[in-house]
Amino acid sequence: MVDINGSKPIYIQIAEWVENEILRGHFKPNDKVHSQYTLADMFNINPATAAKGLNVLHDDRIVYNKRGLGKFVTDDAKAIILEKRKNETLKRLLRDVVIEANHLQIDEQELRDMLEDVIRDHKGEKT
Amino acid sequence: MNVIETTGLTKTYRRMNAVDDFTVTINDNTITGVIGRNGAGKTTLLKMLAGLIKETSGDVRVFHEHPFNSLYASANSILIDDQMLFPEALTLSELLAQGARFYPGWDEAFAQQLFDYFSFEPKQIHEHLSKGKKSTFNMIFGLATRCALTIFDEPTTGMDAAVRKDMYRVLLKDYLAHPRTILISSHHLEEVEHILENILLIDDGTLHLHKSVEELKEYAVRLTGPTALLGQWLYNKDVLHKKQHSSDMMEVVVKRDFPLEQAERMGFHVTPVAPSDVCIYLTAKSEGGIDDVFK
């Protein structure tokens, strides 16, 4: 959900919400995504903020414009989102982990071991 | 289209400039928050825009007309505040009927639904309402006019938190259905910022900044770190606020005109600053705020 007081700008949260809907298959290629007005109503935000979120998706070629009709999901949307999350979100999270590890004076090997533990635990939870 | 244009707008009361050389343009179909400290000149500015008082010098245009003596501007704008006077001889439902008679865009069904939702009684007299109920009624009245320029000056005075939240939601939904130019002044930016597009910050009668809410969110960052290191790093930076946590830890709010990675690499803790805090720091009289008084 959108967190008004969160540290992430609301328009980014809106873009990510639409991306998640695409990843979950709720919006398929060539489906129309919600308009800025629908998003504004849903998340109780100014429509200009919602429009800015949609523009991010447009710049990233996740949606395309049909004049007067709205914004639609591109064929490559899913692949683009996955690539974007990998390159931006995941790398940022990893960088934060490395910075925090430095603060705590954890050496590289210990950090690697911790990561492997987490991966193993996560696999265990899934099965 | 520009709905509001002012150039060098000034209002002087007893040789004090309440509004001082104020130049701003506001586009149609936007919601703008008018933010400022007590006595910053918000009300004076809004009253001049609504044509209720006349400027001392400078120029003000609303729908390209001079609001103080334009019937057109007057019929298409309304100012809602907690000092609105309604005739005491009329009941609340009679007041709504008069609204319908005066404002061509008046939405009777909308007014009635909100009237019922907030549990008003048709025969009540405006003067006898509690502070919060008065504000609620005034806000309903203002929204129902659907005026192309609707100005709210501290519209939520006296309302409880639940009603404030409801009314801002009503305002947003009504704006989505009927886009128009809305100005809202408020002391509680954090309560309205989500529905605003732009913010107009007034300080000592002058325009301090006019930016989108999103820009204001990225205007400044808060850095926390060792006093010596941070203090040195701050050289040449635009510091808005400083606070000493302990003898060796310091917190500063700086204008964000450098890559954040730069600060992170130094090991400073970087956190965002809410727009309401940015406004407070920008209009503070000293870097340390009230704490400076106790030094």
# chains A, B, ... in the order shown; residues from 1 in each chain; ligands from 1
$ interface_residues --of "chain B" --to "chain A" --cutoff "6 Å" --atoms "only C-alpha atoms" --output "list in words"
His194, Ile195 and Leu196 of chain B
$ select_by_dssp --residues "range 77-295 of chain B" --states "strand (DSSP E or B)" --output "ChimeraX atom specification"
/B:77-80,91,125,149-153,181-185,198-203,206-212,220-226,239-244,249-255,269-272
$ select_by_dssp --residues "chain A" --states "helix (DSSP H, G or I)" --output "ChimeraX atom specification"
/A:10-23,36-43,47-59,77-103,108-126
$ residues_around --residues "range 92-109 of chain B" --least-positions-apart "3" --cutoff "8 Å" --atoms "only C-alpha atoms" --output "MDAnalysis selection string"
chainID B and resid 75 86 112:113 121:126 141 144:147
$ write_last_selection --atoms "N, CA and C atoms" --output "CSV table (one decimal), in the first residue's frame"
chain,number,residue,atom,x,y,z
B,75,ALA,N,-18.4,36.7,-8.7
B,75,ALA,CA,-19.3,35.6,-8.8
B,75,ALA,C,-18.7,34.2,-9.0
B,86,PHE,N,-23.2,34.7,8.4
B,86,PHE,CA,-24.4,34.4,7.7
B,86,PHE,C,-25.5,35.1,8.4
B,112,GLN,N,-26.6,18.6,0.2
B,112,GLN,CA,-27.6,17.9,1.1
B,112,GLN,C,-27.0,16.6,1.6
B,113,GLN,N,-26.3,15.9,0.8
B,113,GLN,CA,-25.7,14.6,1.3
B,113,GLN,C,-24.7,14.8,2.4
B,121,GLU,N,-28.9,19.7,11.4
B,121,GLU,CA,-30.4,19.7,11.5
B,121,GLU,C,-30.8,20.9,10.6
B,122,PRO,N,-31.8,20.7,9.8
B,122,PRO,CA,-32.3,21.8,8.9
B,122,PRO,C,-32.6,23.1,9.6
B,123,LYS,N,-33.2,23.0,10.8
B,123,LYS,CA,-33.6,24.2,11.5
B,123,LYS,C,-32.6,24.9,12.4
B,124,GLN,N,-31.4,24.3,12.4
B,124,GLN,CA,-30.3,24.9,13.3
B,124,GLN,C,-29.9,26.3,12.7
B,125,ILE,N,-29.4,27.1,13.7
B,125,ILE,CA,-29.0,28.5,13.3
B,125,ILE,C,-27.5,28.5,13.3
B,126,HIS,N,-26.8,29.0,12.3
B,126,HIS,CA,-25.4,29.0,12.1
B,126,HIS,C,-24.7,29.5,13.3
B,141,PHE,N,-20.4,24.5,2.3
B,141,PHE,CA,-21.0,25.6,1.6
B,141,PHE,C,-20.0,25.9,0.4
B,144,ALA,N,-19.8,23.3,-2.3
B,144,ALA,CA,-21.0,23.2,-3.1
B,144,ALA,C,-21.2,24.3,-4.1
B,145,THR,N,-20.5,25.4,-3.8
B,145,THR,CA,-20.6,26.6,-4.8
B,145,THR,C,-20.0,26.2,-6.1
B,146,ARG,N,-19.0,25.3,-6.1
B,146,ARG,CA,-18.2,24.9,-7.3
B,146,ARG,C,-17.6,26.1,-7.9
B,147,CYS,N,-17.3,27.1,-7.2
B,147,CYS,CA,-16.7,28.3,-7.8
B,147,CYS,C,-15.3,27.9,-8.4
$ atom_distance --atom1 "CA of Leu46 in chain B" --atom2 "CA of Val163 in chain B"
23.9 Å
$ closest_residue --among "B:Leu260, B:Leu9, B:Met139, B:Val34" --to "Lys54 in chain B" --atoms "only C-alpha atoms"
B:Leu9
